[in-house]
Amino acid sequence: LEQLNVVAELEGLTANPTGRAKGVVLEANLDTGRGPVATVLVDKGTLKVGDPIVAGAAWGKVRALINERGEQIKEAGPSTPVQVLGLSSVPQAGDEFRSAPDEKTARVVGDARGHSRRVLSQRGDSRVQGGVKLEDIFSQIQAGEVATLNLVIKADVQGSLEAVSESLRKLERPEVKVAFVHRGVGGITENDITLAATTNATLIGFNVRPSMQASRLAETEGVEIKMYSIIYNAIDEIKSAMEGMLEPKIQEKIVANVEVREVYKFDKATVAGCFVLDGKLSRNSKIRIIRDGIVEFPRGEGQAAELGSLKRFKDDVKDVVSNMECGLTIKNFIDLKVGDIVEAFEEEEVKRTL
């Protein structure tokens, strides 16, 4: 950075703040309520609210610009990082963005890029058919056959999605090929399960969780869902599976899903009025908070939260079963919202042959 500053000063290099904006997408994600949100860095021109814009295959009209302090601003000049709202879809990290002459031009360019990417993706993943699941790889390698590992990957943000994809692609070797059936941002849905079942793929979730309907469909269809919060754990486990070296490990078993339907805030605690959708919630259950299919609290591999209290009406209870209402508090967490899912789980040691 110092060298760049010195060269810029000696050469008199400055960015041009006039004209249509151009820059790069640093990160992007799908936000509930706000839609696709892209964090961009302007390197030329000035980006203004209302400007037509195209970023990779995404296009739209800038609905709002938000700076690093969460404040709405009207324009962003060179060297300004800013969140952009109003895009048609989630762009990829590293995509170039440009202001377009008009919204029609932005749409035409974005749709053309999207079509090109779909064509390239279909060509690149023509090997998807006839793939094998993770647990079948080692046996196929031992038989002297070339195995293709089909993957469906979902992540919380675009940057994580790209990092996971590239890391897994590097695991390819002559005996094992990796094919990405689908990659996307957001929670795991029934469509993801159906796609994985159709293509005999393993579904990998990075810091996201499946909906209740998706979990049930996965059990019915026999789709394997592997969920991670640390990229190195995903790489190590899949690499070990390829080498036939995966050891028994602790596996989580979901025992209850509880929906938050009312939130009451008091001086010392936040109380949630809840309904047990399925399973049985116990006072000593390990839990996590799921919001729109993404882990909200606590984040990190192997982390779990605890209930502060569990009540039926005014009475403390040890557990609450399916189709019953209850009130609860969570230790060290007060930012509960209506619609959150309290996911209760237990850990068990399982032996797997991969």
# chains A, B, ... in the order shown; residues from 1 in each chain; ligands from 1
call {"tool": "residues_around", "arguments": {"residues": "A:Tyr228", "least_positions_apart": "4", "cutoff": "7 Å", "atoms": "only C-alpha atoms", "output": "list in words"}}
result
Gly205, Phe206, Asn207, Ala234 and Glu301 of chain A
call {"tool": "closest_residue", "arguments": {"among": "A:Arg299, A:Lys318, A:Arg216, A:Lys337", "to": "A:Val271", "atoms": "only C-alpha atoms"}}
result
A:Lys337
call {"tool": "residues_around", "arguments": {"residues": "stretch 2-18 of chain A", "least_positions_apart": "5", "cutoff": "12 Å", "atoms": "only C-alpha atoms", "output": "ChimeraX atom specification"}}
result
/A:23,42-48,75-80
call {"tool": "residues_around", "arguments": {"residues": "stretch 280-282 of chain A", "least_positions_apart": "4", "cutoff": "6 Å", "atoms": "only C-alpha atoms", "output": "number ranges by chain"}}
result
A: 256, 318-321
call {"tool": "write_last_selection", "arguments": {"atoms": "N, CA, C and O atoms", "output": "mmCIF file, in the first residue's frame"}}
result
data_model
loop_
_atom_site.group_PDB
_atom_site.id
_atom_site.type_symbol
_atom_site.label_atom_id
_atom_site.label_comp_id
_atom_site.auth_asym_id
_atom_site.auth_seq_id
_atom_site.Cartn_x
_atom_site.Cartn_y
_atom_site.Cartn_z
ATOM 1 N N ALA A 256 -35.562 -31.221 17.601
ATOM 2 C CA ALA A 256 -36.750 -30.364 17.661
ATOM 3 C C ALA A 256 -36.550 -29.110 16.831
ATOM 4 O O ALA A 256 -35.426 -28.595 16.713
ATOM 5 N N LYS A 318 -39.497 -29.249 32.146
ATOM 6 C CA LYS A 318 -38.277 -29.896 31.689
ATOM 7 C C LYS A 318 -38.252 -30.049 30.176
ATOM 8 O O LYS A 318 -37.179 -30.024 29.556
ATOM 9 N N ASP A 319 -39.430 -30.229 29.569
ATOM 10 C CA ASP A 319 -39.473 -30.380 28.118
ATOM 11 C C ASP A 319 -40.853 -30.019 27.591
ATOM 12 O O ASP A 319 -41.841 -29.982 28.336
ATOM 13 N N VAL A 320 -40.907 -29.726 26.294
ATOM 14 C CA VAL A 320 -42.150 -29.407 25.594
ATOM 15 C C VAL A 320 -42.154 -30.194 24.292
ATOM 16 O O VAL A 320 -41.167 -30.185 23.554
ATOM 17 N N VAL A 321 -43.272 -30.862 24.001
ATOM 18 C CA VAL A 321 -43.331 -31.742 22.834
ATOM 19 C C VAL A 321 -44.030 -31.049 21.659
ATOM 20 O O VAL A 321 -44.528 -29.931 21.779
#
call {"tool": "residues_around", "arguments": {"residues": "stretch 189-192 of chain A", "least_positions_apart": "3", "cutoff": "7 Å", "atoms": "only C-alpha atoms", "output": "ChimeraX atom specification"}}
result
/A:195-196,210-211,213-214,217
call {"tool": "write_last_selection", "arguments": {"atoms": "N, CA and C atoms", "output": "mmCIF file, in the first residue's frame"}}
result
data_model
loop_
_atom_site.group_PDB
_atom_site.id
_atom_site.type_symbol
_atom_site.label_atom_id
_atom_site.label_comp_id
_atom_site.auth_asym_id
_atom_site.auth_seq_id
_atom_site.Cartn_x
_atom_site.Cartn_y
_atom_site.Cartn_z
ATOM 1 N N LEU A 195 -32.865 -31.523 -6.819
ATOM 2 C CA LEU A 195 -31.771 -31.509 -7.789
ATOM 3 C C LEU A 195 -30.686 -32.495 -7.385
ATOM 4 N N ALA A 196 -30.347 -32.535 -6.105
ATOM 5 C CA ALA A 196 -29.316 -33.455 -5.627
ATOM 6 C C ALA A 196 -29.757 -34.906 -5.802
ATOM 7 N N PRO A 210 -30.935 -26.388 6.204
ATOM 8 C CA PRO A 210 -32.128 -26.678 5.394
ATOM 9 C C PRO A 210 -33.394 -26.295 6.144
ATOM 10 N N SER A 211 -34.439 -25.972 5.400
ATOM 11 C CA SER A 211 -35.748 -25.758 6.006
ATOM 12 C C SER A 211 -36.295 -27.106 6.481
ATOM 13 N N GLN A 213 -39.052 -28.550 5.640
ATOM 14 C CA GLN A 213 -39.548 -29.313 4.489
ATOM 15 C C GLN A 213 -38.394 -29.939 3.716
ATOM 16 N N ALA A 214 -37.295 -29.183 3.593
ATOM 17 C CA ALA A 214 -36.130 -29.709 2.872
ATOM 18 C C ALA A 214 -35.505 -30.879 3.626
ATOM 19 N N LEU A 217 -37.668 -33.936 3.071
ATOM 20 C CA LEU A 217 -37.528 -34.441 1.708
ATOM 21 C C LEU A 217 -36.184 -35.145 1.531
#
call {"tool": "residues_around", "arguments": {"residues": "A:Ala100", "least_positions_apart": "2", "cutoff": "12 Å", "atoms": "only C-alpha atoms", "output": "ChimeraX atom specification"}}
result
/A:19-22,47-48,50-55,59-62,97-98,102-110
call {"tool": "write_last_selection", "arguments": {"atoms": "N, CA and C atoms", "output": "PDB file, in the first residue's frame"}}
result
ATOM      1  N   GLY A  19     -18.272  11.066 -15.067  1.00  0.00           N
ATOM      2  CA  GLY A  19     -18.725  10.024 -15.980  1.00  0.00           C
ATOM      3  C   GLY A  19     -19.404   8.879 -15.252  1.00  0.00           C
ATOM      4  N   ARG A  20     -19.774   7.853 -16.037  1.00  0.00           N
ATOM      5  CA  ARG A  20     -20.468   6.695 -15.475  1.00  0.00           C
ATOM      6  C   ARG A  20     -19.521   5.877 -14.602  1.00  0.00           C
ATOM      7  N   ALA A  21     -20.062   5.319 -13.539  1.00  0.00           N
ATOM      8  CA  ALA A  21     -19.249   4.609 -12.553  1.00  0.00           C
ATOM      9  C   ALA A  21     -18.809   3.239 -13.063  1.00  0.00           C
ATOM     10  N   LYS A  22     -17.617   2.834 -12.612  1.00  0.00           N
ATOM     11  CA  LYS A  22     -17.084   1.506 -12.908  1.00  0.00           C
ATOM     12  C   LYS A  22     -16.347   1.036 -11.667  1.00  0.00           C
ATOM     13  N   LEU A  47     -21.032   6.704  -8.687  1.00  0.00           N
ATOM     14  CA  LEU A  47     -22.247   5.904  -8.681  1.00  0.00           C
ATOM     15  C   LEU A  47     -23.314   6.641  -7.876  1.00  0.00           C
ATOM     16  N   LYS A  48     -24.494   6.809  -8.465  1.00  0.00           N
ATOM     17  CA  LYS A  48     -25.552   7.580  -7.826  1.00  0.00           C
ATOM     18  C   LYS A  48     -26.828   6.744  -7.695  1.00  0.00           C
ATOM     19  N   GLY A  50     -30.392   5.696  -8.337  1.00  0.00           N
ATOM     20  CA  GLY A  50     -31.191   5.827  -9.553  1.00  0.00           C
ATOM     21  C   GLY A  50     -30.452   5.436 -10.811  1.00  0.00           C
ATOM     22  N   ASP A  51     -29.121   5.238 -10.716  1.00  0.00           N
ATOM     23  CA  ASP A  51     -28.344   4.849 -11.898  1.00  0.00           C
ATOM     24  C   ASP A  51     -28.689   3.427 -12.325  1.00  0.00           C
ATOM     25  N   PRO A  52     -28.891   3.165 -13.632  1.00  0.00           N
ATOM     26  CA  PRO A  52     -28.964   1.787 -14.118  1.00  0.00           C
ATOM     27  C   PRO A  52     -27.589   1.152 -13.958  1.00  0.00           C
ATOM     28  N   ILE A  53     -27.525  -0.111 -13.597  1.00  0.00           N
ATOM     29  CA  ILE A  53     -26.241  -0.745 -13.314  1.00  0.00           C
ATOM     30  C   ILE A  53     -26.281  -2.196 -13.763  1.00  0.00           C
ATOM     31  N   VAL A  54     -25.132  -2.694 -14.189  1.00  0.00           N
ATOM     32  CA  VAL A  54     -24.979  -4.107 -14.510  1.00  0.00           C
ATOM     33  C   VAL A  54     -23.710  -4.600 -13.815  1.00  0.00           C
ATOM     34  N   ALA A  55     -23.840  -5.725 -13.085  1.00  0.00           N
ATOM     35  CA  ALA A  55     -22.717  -6.316 -12.356  1.00  0.00           C
ATOM     36  C   ALA A  55     -22.679  -7.796 -12.675  1.00  0.00           C
ATOM     37  N   TRP A  59     -28.385  -7.207 -13.005  1.00  0.00           N
ATOM     38  CA  TRP A  59     -28.643  -5.859 -13.499  1.00  0.00           C
ATOM     39  C   TRP A  59     -29.756  -5.232 -12.660  1.00  0.00           C
ATOM     40  N   GLY A  60     -29.944  -3.945 -12.821  1.00  0.00           N
ATOM     41  CA  GLY A  60     -31.007  -3.285 -12.082  1.00  0.00           C
ATOM     42  C   GLY A  60     -30.799  -1.790 -12.022  1.00  0.00           C
ATOM     43  N   LYS A  61     -31.543  -1.155 -11.147  1.00  0.00           N
ATOM     44  CA  LYS A  61     -31.463   0.276 -10.930  1.00  0.00           C
ATOM     45  C   LYS A  61     -31.135   0.509  -9.466  1.00  0.00           C
ATOM     46  N   VAL A  62     -30.119   1.316  -9.194  1.00  0.00           N
ATOM     47  CA  VAL A  62     -29.667   1.520  -7.821  1.00  0.00           C
ATOM     48  C   VAL A  62     -30.808   2.101  -6.990  1.00  0.00           C
ATOM     49  N   PHE A  97     -18.561  -4.158 -12.240  1.00  0.00           N
ATOM     50  CA  PHE A  97     -19.845  -3.486 -12.413  1.00  0.00           C
ATOM     51  C   PHE A  97     -19.640  -2.179 -13.166  1.00  0.00           C
ATOM     52  N   ARG A  98     -20.663  -1.778 -13.889  1.00  0.00           N
ATOM     53  CA  ARG A  98     -20.642  -0.516 -14.633  1.00  0.00           C
ATOM     54  C   ARG A  98     -22.031   0.116 -14.606  1.00  0.00           C
ATOM     55  N   ASP A 102     -28.952   3.217 -19.787  1.00  0.00           N
ATOM     56  CA  ASP A 102     -30.359   3.145 -19.384  1.00  0.00           C
ATOM     57  C   ASP A 102     -30.637   1.738 -18.871  1.00  0.00           C
ATOM     58  N   GLU A 103     -31.796   1.561 -18.259  1.00  0.00           N
ATOM     59  CA  GLU A 103     -32.127   0.284 -17.632  1.00  0.00           C
ATOM     60  C   GLU A 103     -32.291  -0.827 -18.665  1.00  0.00           C
ATOM     61  N   LYS A 104     -32.783  -0.498 -19.849  1.00  0.00           N
ATOM     62  CA  LYS A 104     -32.956  -1.505 -20.896  1.00  0.00           C
ATOM     63  C   LYS A 104     -31.613  -2.086 -21.316  1.00  0.00           C
ATOM     64  N   THR A 105     -30.610  -1.211 -21.477  1.00  0.00           N
ATOM     65  CA  THR A 105     -29.271  -1.674 -21.844  1.00  0.00           C
ATOM     66  C   THR A 105     -28.697  -2.573 -20.756  1.00  0.00           C
ATOM     67  N   ALA A 106     -28.880  -2.170 -19.496  1.00  0.00           N
ATOM     68  CA  ALA A 106     -28.380  -2.978 -18.383  1.00  0.00           C
ATOM     69  C   ALA A 106     -29.009  -4.365 -18.399  1.00  0.00           C
ATOM     70  N   ARG A 107     -30.313  -4.434 -18.655  1.00  0.00           N
ATOM     71  CA  ARG A 107     -31.003  -5.718 -18.681  1.00  0.00           C
ATOM     72  C   ARG A 107     -30.506  -6.599 -19.816  1.00  0.00           C
ATOM     73  N   VAL A 108     -30.324  -6.017 -20.999  1.00  0.00           N
ATOM     74  CA  VAL A 108     -29.858  -6.786 -22.157  1.00  0.00           C
ATOM     75  C   VAL A 108     -28.468  -7.352 -21.907  1.00  0.00           C
ATOM     76  N   VAL A 109     -27.562  -6.513 -21.374  1.00  0.00           N
ATOM     77  CA  VAL A 109     -26.186  -6.969 -21.105  1.00  0.00           C
ATOM     78  C   VAL A 109     -26.183  -8.049 -20.029  1.00  0.00           C
ATOM     79  N   GLY A 110     -26.944  -7.816 -18.946  1.00  0.00           N
ATOM     80  CA  GLY A 110     -26.984  -8.792 -17.864  1.00  0.00           C
ATOM     81  C   GLY A 110     -27.555 -10.127 -18.311  1.00  0.00           C
TER      82      GLY A 110
END
call {"tool": "residues_around", "arguments": {"residues": "A:Glu343", "least_positions_apart": "3", "cutoff": "7 Å", "atoms": "only C-alpha atoms", "output": "ChimeraX atom specification"}}
result
/A:256-258,287-290
call {"tool": "write_last_selection", "arguments": {"atoms": "C-alpha atoms", "output": "PDB file, in the first residue's frame"}}
result
ATOM      1  CA  ALA A 256     -36.750 -30.364  17.661  1.00  0.00           C
ATOM      2  CA  ASN A 257     -37.678 -27.328  15.588  1.00  0.00           C
ATOM      3  CA  VAL A 258     -39.372 -24.502  17.465  1.00  0.00           C
ATOM      4  CA  ILE A 287     -29.700 -25.149  20.449  1.00  0.00           C
ATOM      5  CA  ARG A 288     -28.942 -22.695  17.664  1.00  0.00           C
ATOM      6  CA  ILE A 289     -30.968 -19.884  16.101  1.00  0.00           C
ATOM      7  CA  ILE A 290     -31.822 -20.189  12.392  1.00  0.00           C
TER       8      ILE A 290
END
call {"tool": "select_by_dssp", "arguments": {"residues": "stretch 69-225 of chain A", "states": "strand (DSSP E or B)", "output": "ChimeraX atom specification"}}
result
/A:72-73,75-76,80-87,96-99,132,147-155,173,176-185,188,202-206,208,210,225
call {"tool": "write_last_selection", "arguments": {"atoms": "N, CA and C atoms", "output": "tab-separated table (two decimals), in the first residue's frame"}}
result
chain	number	residue	atom	x	y	z
A	72	GLN	N	-27.43	5.77	4.64
A	72	GLN	CA	-27.77	5.91	3.23
A	72	GLN	C	-27.13	7.18	2.67
A	73	ILE	N	-26.49	7.03	1.51
A	73	ILE	CA	-25.88	8.17	0.85
A	73	ILE	C	-26.44	8.27	-0.57
A	75	GLU	N	-24.55	9.33	-3.37
A	75	GLU	CA	-23.58	9.00	-4.41
A	75	GLU	C	-22.29	8.49	-3.79
A	76	ALA	N	-21.51	7.75	-4.58
A	76	ALA	CA	-20.23	7.20	-4.14
A	76	ALA	C	-19.20	7.40	-5.24
A	80	THR	N	-14.50	4.44	-2.97
A	80	THR	CA	-15.56	4.39	-1.96
A	80	THR	C	-16.23	3.01	-1.97
A	81	PRO	N	-16.12	2.27	-0.86
A	81	PRO	CA	-16.86	1.01	-0.75
A	81	PRO	C	-18.30	1.30	-0.33
A	82	VAL	N	-19.25	0.63	-0.94
A	82	VAL	CA	-20.65	0.93	-0.66
A	82	VAL	C	-21.51	-0.29	-0.98
A	83	GLN	N	-22.59	-0.47	-0.21
A	83	GLN	CA	-23.56	-1.52	-0.50
A	83	GLN	C	-24.58	-1.00	-1.49
A	84	VAL	N	-24.90	-1.82	-2.49
A	84	VAL	CA	-25.85	-1.44	-3.54
A	84	VAL	C	-27.08	-2.32	-3.45
A	85	LEU	N	-28.26	-1.70	-3.39
A	85	LEU	CA	-29.53	-2.41	-3.39
A	85	LEU	C	-30.26	-2.13	-4.69
A	86	GLY	N	-30.95	-3.14	-5.21
A	86	GLY	CA	-31.74	-2.94	-6.41
A	86	GLY	C	-31.39	-3.86	-7.56
A	87	LEU	N	-30.46	-4.81	-7.34
A	87	LEU	CA	-30.05	-5.71	-8.42
A	87	LEU	C	-31.08	-6.83	-8.60
A	96	GLU	N	-17.03	-7.36	-12.42
A	96	GLU	CA	-16.95	-5.92	-12.68
A	96	GLU	C	-18.36	-5.35	-12.79
A	97	PHE	N	-18.56	-4.16	-12.24
A	97	PHE	CA	-19.84	-3.49	-12.41
A	97	PHE	C	-19.64	-2.18	-13.17
A	98	ARG	N	-20.66	-1.78	-13.89
A	98	ARG	CA	-20.64	-0.52	-14.63
A	98	ARG	C	-22.03	0.12	-14.61
A	99	SER	N	-22.05	1.42	-14.59
A	99	SER	CA	-23.30	2.14	-14.80
A	99	SER	C	-23.65	2.05	-16.28
A	132	VAL	N	-21.20	-40.13	-8.50
A	132	VAL	CA	-21.35	-40.97	-7.32
A	132	VAL	C	-21.38	-40.09	-6.09
A	147	ALA	N	-14.02	-41.85	-10.71
A	147	ALA	CA	-15.24	-41.44	-10.01
A	147	ALA	C	-15.47	-39.94	-10.21
A	148	THR	N	-16.74	-39.57	-10.38
A	148	THR	CA	-17.12	-38.16	-10.47
A	148	THR	C	-17.99	-37.82	-9.27
A	149	LEU	N	-17.53	-36.87	-8.47
A	149	LEU	CA	-18.27	-36.44	-7.29
A	149	LEU	C	-19.17	-35.26	-7.66
A	150	ASN	N	-20.48	-35.50	-7.70
A	150	ASN	CA	-21.43	-34.44	-7.99
A	150	ASN	C	-21.74	-33.67	-6.71
A	151	LEU	N	-21.71	-32.35	-6.78
A	151	LEU	CA	-21.92	-31.51	-5.60
A	151	LEU	C	-22.96	-30.43	-5.86
A	152	VAL	N	-23.83	-30.21	-4.89
A	152	VAL	CA	-24.70	-29.04	-4.83
A	152	VAL	C	-24.23	-28.23	-3.63
A	153	ILE	N	-23.83	-26.98	-3.86
A	153	ILE	CA	-23.26	-26.17	-2.78
A	153	ILE	C	-24.13	-24.95	-2.52
A	154	LYS	N	-24.47	-24.72	-1.25
A	154	LYS	CA	-25.19	-23.53	-0.82
A	154	LYS	C	-24.38	-22.86	0.30
A	155	ALA	N	-24.27	-21.53	0.25
A	155	ALA	CA	-23.50	-20.79	1.24
A	155	ALA	C	-24.26	-19.53	1.65
A	173	ARG	N	-8.20	-35.09	-8.76
A	173	ARG	CA	-7.01	-35.85	-9.17
A	173	ARG	C	-7.44	-36.81	-10.27
A	176	VAL	N	-10.44	-38.99	-9.34
A	176	VAL	CA	-11.67	-38.37	-8.85
A	176	VAL	C	-11.88	-37.01	-9.51
A	177	LYS	N	-13.02	-36.82	-10.13
A	177	LYS	CA	-13.38	-35.54	-10.71
A	177	LYS	C	-14.50	-34.91	-9.87
A	178	VAL	N	-14.52	-33.58	-9.83
A	178	VAL	CA	-15.54	-32.85	-9.10
A	178	VAL	C	-16.42	-32.09	-10.09
A	179	ALA	N	-17.73	-32.29	-10.00
A	179	ALA	CA	-18.68	-31.59	-10.87
A	179	ALA	C	-19.69	-30.84	-10.01
A	180	PHE	N	-19.84	-29.54	-10.27
A	180	PHE	CA	-20.79	-28.72	-9.52
A	180	PHE	C	-22.13	-28.70	-10.25
A	181	VAL	N	-23.10	-29.42	-9.68
A	181	VAL	CA	-24.43	-29.46	-10.26
A	181	VAL	C	-25.11	-28.10	-10.12
A	182	HIS	N	-24.94	-27.50	-8.93
A	182	HIS	CA	-25.55	-26.19	-8.68
A	182	HIS	C	-24.81	-25.52	-7.54
A	183	ARG	N	-24.67	-24.20	-7.63
A	183	ARG	CA	-24.09	-23.40	-6.55
A	183	ARG	C	-24.97	-22.17	-6.34
A	184	GLY	N	-25.26	-21.85	-5.09
A	184	GLY	CA	-26.14	-20.71	-4.83
A	184	GLY	C	-25.97	-20.16	-3.43
A	185	VAL	N	-26.53	-18.96	-3.23
A	185	VAL	CA	-26.49	-18.27	-1.94
A	185	VAL	C	-27.86	-18.36	-1.28
A	188	ILE	N	-30.91	-23.87	2.37
A	188	ILE	CA	-31.12	-25.08	1.56
A	188	ILE	C	-32.62	-25.31	1.40
A	202	THR	N	-24.04	-35.00	-3.66
A	202	THR	CA	-23.92	-34.68	-2.24
A	202	THR	C	-24.16	-33.18	-2.08
A	203	LEU	N	-24.97	-32.81	-1.09
A	203	LEU	CA	-25.31	-31.40	-0.88
A	203	LEU	C	-24.47	-30.86	0.27
A	204	ILE	N	-23.73	-29.79	0.00
A	204	ILE	CA	-22.87	-29.17	1.00
A	204	ILE	C	-23.43	-27.80	1.36
A	205	GLY	N	-23.66	-27.57	2.65
A	205	GLY	CA	-24.13	-26.28	3.14
A	205	GLY	C	-23.05	-25.61	3.97
A	206	PHE	N	-22.68	-24.38	3.61
A	206	PHE	CA	-21.66	-23.65	4.34
A	206	PHE	C	-22.32	-22.51	5.12
A	208	VAL	N	-25.17	-22.46	6.41
A	208	VAL	CA	-26.61	-22.39	6.16
A	208	VAL	C	-27.24	-23.69	6.64
A	210	PRO	N	-30.93	-26.39	6.20
A	210	PRO	CA	-32.13	-26.68	5.39
A	210	PRO	C	-33.39	-26.29	6.14
A	225	ILE	N	-26.78	-34.52	3.27
A	225	ILE	CA	-26.49	-33.11	3.47
A	225	ILE	C	-25.34	-32.98	4.45
call {"tool": "select_by_dssp", "arguments": {"residues": "stretch 79-311 of chain A", "states": "alpha helix (DSSP H)", "output": "mmCIF file with C-alpha atoms, in the first residue's frame"}}
result
data_model
loop_
_atom_site.group_PDB
_atom_site.id
_atom_site.type_symbol
_atom_site.label_atom_id
_atom_site.label_comp_id
_atom_site.auth_asym_id
_atom_site.auth_seq_id
_atom_site.Cartn_x
_atom_site.Cartn_y
_atom_site.Cartn_z
ATOM 1 C CA GLU A 103 -32.127 0.284 -17.632
ATOM 2 C CA LYS A 104 -32.956 -1.505 -20.896
ATOM 3 C CA THR A 105 -29.271 -1.674 -21.844
ATOM 4 C CA ALA A 106 -28.380 -2.978 -18.383
ATOM 5 C CA ARG A 107 -31.003 -5.718 -18.681
ATOM 6 C CA VAL A 108 -29.858 -6.786 -22.157
ATOM 7 C CA VAL A 109 -26.186 -6.969 -21.105
ATOM 8 C CA GLY A 110 -26.984 -8.792 -17.864
ATOM 9 C CA ASP A 111 -29.255 -11.340 -19.553
ATOM 10 C CA ALA A 112 -26.631 -11.990 -22.258
ATOM 11 C CA ARG A 113 -23.941 -12.589 -19.639
ATOM 12 C CA GLY A 114 -26.262 -14.871 -17.691
ATOM 13 C CA HIS A 115 -27.001 -16.918 -20.814
ATOM 14 C CA SER A 116 -23.277 -17.244 -21.581
ATOM 15 C CA ARG A 117 -22.540 -18.423 -18.058
ATOM 16 C CA ARG A 118 -25.310 -21.020 -18.179
ATOM 17 C CA VAL A 119 -23.991 -22.372 -21.480
ATOM 18 C CA LEU A 120 -20.438 -22.588 -20.125
ATOM 19 C CA SER A 121 -21.687 -24.196 -16.930
ATOM 20 C CA GLN A 122 -23.583 -26.861 -18.875
ATOM 21 C CA ARG A 123 -20.520 -27.582 -20.990
ATOM 22 C CA GLY A 124 -18.230 -27.697 -17.983
ATOM 23 C CA ILE A 137 -15.956 -42.763 -3.971
ATOM 24 C CA PHE A 138 -13.336 -44.951 -2.295
ATOM 25 C CA SER A 139 -14.886 -48.230 -3.453
ATOM 26 C CA GLN A 140 -15.058 -46.947 -7.026
ATOM 27 C CA ILE A 141 -11.418 -45.815 -6.884
ATOM 28 C CA GLN A 142 -10.375 -49.252 -5.587
ATOM 29 C CA GLN A 158 -21.152 -15.170 -2.474
ATOM 30 C CA GLY A 159 -17.548 -14.860 -1.277
ATOM 31 C CA SER A 160 -17.841 -17.999 0.845
ATOM 32 C CA LEU A 161 -19.472 -19.837 -2.050
ATOM 33 C CA GLU A 162 -16.572 -19.039 -4.384
ATOM 34 C CA ALA A 163 -13.959 -19.925 -1.754
ATOM 35 C CA VAL A 164 -15.562 -23.302 -1.007
ATOM 36 C CA SER A 165 -16.012 -24.110 -4.704
ATOM 37 C CA GLU A 166 -12.433 -23.282 -5.660
ATOM 38 C CA SER A 167 -11.001 -25.188 -2.687
ATOM 39 C CA LEU A 168 -13.001 -28.290 -3.558
ATOM 40 C CA ARG A 169 -12.069 -28.022 -7.230
ATOM 41 C CA GLU A 190 -36.629 -28.379 -1.434
ATOM 42 C CA ASN A 191 -35.488 -27.557 -4.989
ATOM 43 C CA ASP A 192 -31.859 -28.141 -3.909
ATOM 44 C CA ILE A 193 -32.824 -31.536 -2.451
ATOM 45 C CA THR A 194 -34.705 -32.529 -5.597
ATOM 46 C CA LEU A 195 -31.771 -31.509 -7.789
ATOM 47 C CA ALA A 196 -29.316 -33.455 -5.627
ATOM 48 C CA ALA A 197 -31.545 -36.542 -5.686
ATOM 49 C CA THR A 198 -31.925 -36.371 -9.465
ATOM 50 C CA THR A 199 -28.183 -36.088 -10.117
ATOM 51 C CA MET A 212 -37.953 -28.307 7.777
ATOM 52 C CA GLN A 213 -39.548 -29.313 4.489
ATOM 53 C CA ALA A 214 -36.130 -29.709 2.872
ATOM 54 C CA SER A 215 -34.870 -31.886 5.761
ATOM 55 C CA ARG A 216 -37.880 -34.187 5.482
ATOM 56 C CA LEU A 217 -37.528 -34.441 1.708
ATOM 57 C CA ALA A 218 -33.808 -35.247 2.100
ATOM 58 C CA GLU A 219 -34.650 -38.160 4.406
ATOM 59 C CA THR A 220 -37.267 -39.415 1.966
ATOM 60 C CA GLU A 221 -35.003 -39.088 -1.085
ATOM 61 C CA ILE A 231 -13.955 -24.237 5.126
ATOM 62 C CA TYR A 232 -10.938 -26.310 6.199
ATOM 63 C CA ASN A 233 -13.209 -28.887 7.859
ATOM 64 C CA ALA A 234 -15.116 -29.341 4.595
ATOM 65 C CA ILE A 235 -11.910 -29.730 2.604
ATOM 66 C CA ASP A 236 -10.333 -32.136 5.086
ATOM 67 C CA GLU A 237 -13.398 -34.381 5.316
ATOM 68 C CA ILE A 238 -13.929 -34.638 1.567
ATOM 69 C CA LYS A 239 -10.226 -35.177 0.993
ATOM 70 C CA SER A 240 -10.216 -37.935 3.607
ATOM 71 C CA ALA A 241 -13.256 -39.511 1.989
ATOM 72 C CA MET A 242 -11.475 -39.539 -1.343
#
call {"tool": "closest_residue", "arguments": {"among": "A:Ala304, A:Glu68, A:Gly94, A:Ala344", "to": "A:Asp278", "atoms": "only C-alpha atoms"}}
result
A:Ala344
call {"tool": "decode", "arguments": {"residues": "stretch 94-99 of chain A", "atoms": "N, CA, C and O atoms", "output": "PDB file, in the first residue's frame"}}
result
ATOM      1  N   GLY A  94     -15.926 -10.448  -7.334  1.00  0.00           N
ATOM      2  CA  GLY A  94     -14.928 -10.264  -8.384  1.00  0.00           C
ATOM      3  C   GLY A  94     -15.505  -9.789  -9.697  1.00  0.00           C
ATOM      4  O   GLY A  94     -14.761  -9.371 -10.591  1.00  0.00           O
ATOM      5  N   ASP A  95     -16.830  -9.826  -9.839  1.00  0.00           N
ATOM      6  CA  ASP A  95     -17.459  -9.317 -11.061  1.00  0.00           C
ATOM      7  C   ASP A  95     -17.216  -7.810 -11.199  1.00  0.00           C
ATOM      8  O   ASP A  95     -17.206  -7.075 -10.214  1.00  0.00           O
ATOM      9  N   GLU A  96     -17.033  -7.360 -12.425  1.00  0.00           N
ATOM     10  CA  GLU A  96     -16.949  -5.924 -12.682  1.00  0.00           C
ATOM     11  C   GLU A  96     -18.358  -5.354 -12.787  1.00  0.00           C
ATOM     12  O   GLU A  96     -19.258  -5.998 -13.317  1.00  0.00           O
ATOM     13  N   PHE A  97     -18.561  -4.158 -12.240  1.00  0.00           N
ATOM     14  CA  PHE A  97     -19.845  -3.486 -12.413  1.00  0.00           C
ATOM     15  C   PHE A  97     -19.640  -2.179 -13.166  1.00  0.00           C
ATOM     16  O   PHE A  97     -18.590  -1.553 -13.087  1.00  0.00           O
ATOM     17  N   ARG A  98     -20.663  -1.778 -13.889  1.00  0.00           N
ATOM     18  CA  ARG A  98     -20.642  -0.516 -14.633  1.00  0.00           C
ATOM     19  C   ARG A  98     -22.031   0.116 -14.606  1.00  0.00           C
ATOM     20  O   ARG A  98     -23.038  -0.585 -14.623  1.00  0.00           O
ATOM     21  N   SER A  99     -22.050   1.421 -14.593  1.00  0.00           N
ATOM     22  CA  SER A  99     -23.302   2.138 -14.799  1.00  0.00           C
ATOM     23  C   SER A  99     -23.653   2.049 -16.278  1.00  0.00           C
ATOM     24  O   SER A  99     -22.771   2.174 -17.134  1.00  0.00           O
TER      25      SER A  99
END
